[in-house]
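Report on one structure; see the data block that follows.
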Amino acid sequence: MSAKTQFDLQQFLAMRTKTVNVALDKFLPSATTRPATIHKAMRYSLFAGGKRMRPALCLAAAAACGGKEADALPLACAVECIHTYSLIHDDLPAMDDDDFRRGKPTNHKMFGDGIAVLAGDALLTQAFEIAAQAKGWPRYPHQKIILEIARAAGSLQLVAGQVADLEGEGKKLSVDELRYIHERKTSALLCCSVRLGGMSANCTSAQLKALTDFGYHVGLAFQVIDDILDVTQTSEQLGKTAGKDRQAQKATYPAIVGLEKSRKIAENLTARAFAALSRIAGFKGKATPLEALAEFLLKRDK
């Protein structure tokens with residue numbers, strides 16, 4: 001029996017989710033801190049039952065490079081705050097206009113559009129406050145850590161993806177244009193999570209490059225599979241409104257190249273992600289959680 005077969009991913013995820021939730025609870029102002037409305041709204045979406053995949057990838061990458069989980073934890077929490085802010089804003093009527101997220105009413109449905117905008121703003125800012133509390137490392141001082149997060153979340157990456165997504169609605173996009181959206185809207189933050197985990201372990205430049213290749217391909221494949229699931233699954237299975245992509249006339253891989261080819265693209269990206277990890281001898285079996293996480297993310301019901 002291989003180490004991968006013996007590895008209990010569900011236990012790994014459950015323990016990391018608990019650790020991240022406890023840390024986030026401490027990092028964020030309490031729900032009764034004035035002004036209470038904004039802190040309730042921030043916490044509503046942050047603790048709405050997310051799988052904590054980006055923090056888990058961050059912590060697993062740290063482990064792969066021989067780092068300590070406690071060192072990576074502030075960075076894992078910072079990334080989750082950015083991810084949650086992006087979801088709150090994505091769901092707004094001015095954007096994707098969605099009523100449900102993770103099986104619950106979206107933030108603006110609970111608190112109104114104005115508070116939802118501000119809750120997203122506050123979570124984005126909170127991410128930098130949390131990241132600033134990481135200790136910094138010889139190869140990756142605070143300046144590099146903050147720059148890493150700012151670039152991934154900024155107008156060239158995460159925001160760029162949302163802009164291109166909005167502008168692409170109702171238009172016939174090429175595969176290259178769609179890849180541009182997915183690279184920025186999804187892959188950028190997933191890749192950043194993995195890179196930050198490596199940085200928190202003071203990883204070598206070769207390890208960081210391997211983690212970058214891994215994170216990039218996992219992030220792209222993850223979004224291709226998301227596109228597939230929007231076509232093939234129900235709202236109940238997804239925890240959000242199914243068929244929204246078609247309704248909004250969004251460009252997706254199934255819409256452009258068809259379901260079968262989309263599945264092949266996802267498989268190819270998955271293979272490249274695993275190949276990136278296998279290149280680095282320094283990981284020496286410590287990358288098992290990362291590999292298991294990638295398999296979990298990329299082998300959802302398609």
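All residue names refer to the structure tokens as shown: chains lettered A, B, ... in order, residues numbered from 1 in each chain, ligands numbered from 1 in order.
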Would you mind listing, for every residue of segment 65-98 of chain A within 12 Å of segment 283-297 of chain A, the two atoms forming the shortest contact and the distance between them in Å to one decimal, using only C-alpha atoms, sorted by chain and ascending residue number, as a Markdown table?
| residue | atom | partner | partner_atom | distance |
| --- | --- | --- | --- | --- |
| A:Cys65 | CA | A:Phe283 | CA | 6.1 |
| A:Gly66 | CA | A:Lys286 | CA | 7.5 |
| A:Gly67 | CA | A:Lys286 | CA | 10.4 |
For the residues selected in the previous step, produce a file with N, CA and C atoms as a compact mmCIF listing (two decimals), in the first residue's frame.
# COMPACT_ATOMS: atom_id res chain seq x y z
N CYS A 65 7.77 21.59 2.05
CA CYS A 65 9.11 22.21 2.10
C CYS A 65 9.74 22.12 3.48
N GLY A 66 9.13 21.32 4.36
CA GLY A 66 9.71 21.11 5.70
C GLY A 66 9.46 22.24 6.67
N GLY A 67 8.43 23.06 6.41
CA GLY A 67 8.14 24.20 7.29
C GLY A 67 7.20 23.85 8.41
Looking only at helix (DSSP H, G or I) from DSSP on the backbone, list the matching residues of segment 80-211 of chain A as a VMD selection string.
chain A and resid 80 to 90 107 to 111 113 to 131 142 to 153 158 to 168 175 to 200 205 to 211
List every residue of segment 59-251 of chain A that DSSP, applied to the backbone of this structure, places in strand (DSSP E or B), and write the result as JSON, numbers by chain.
{"A": [100, 101, 104, 105]}
Contact residues around Leu269 of chain A with only C-alpha atoms at 12 Å, ignoring same-chain residues under 6 positions, as JSON, numbers by chain:
{"A": [187, 213, 214, 215, 216, 217, 218, 219, 220, 221, 222, 223, 224, 225, 262, 263, 275, 276, 294, 295, 298]}
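In this model, the gap between atom CA of Thr232 of chain A and atom CA of Phe12 of chain A comes to 28.6 Å.
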Among the residues A:Phe27, A:Phe100, A:Tyr140, A:Phe47, the one that comes closest to Phe128 of chain A [using only C-alpha atoms]
A:Phe27
At a cut-off of 8 Å, using only C-alpha atoms, what residues contact Ile181 of chain A? Leave out same-chain residues fewer than 6 positions from it and give the result as a ChimeraX atom specification.
/A:160-162,164-165
Suppose we keep C-alpha atoms; can you now write the selection as an mmCIF file, in the first residue's frame?
data_model
loop_
_atom_site.group_PDB
_atom_site.id
_atom_site.type_symbol
_atom_site.label_atom_id
_atom_site.label_comp_id
_atom_site.auth_asym_id
_atom_site.auth_seq_id
_atom_site.Cartn_x
_atom_site.Cartn_y
_atom_site.Cartn_z
ATOM 1 C CA ALA A 160 -8.274 41.465 -13.972
ATOM 2 C CA GLY A 161 -9.996 38.090 -14.180
ATOM 3 C CA GLN A 162 -13.259 39.506 -12.879
ATOM 4 C CA ALA A 164 -12.432 40.202 -18.283
ATOM 5 C CA ASP A 165 -15.221 37.889 -17.091
#
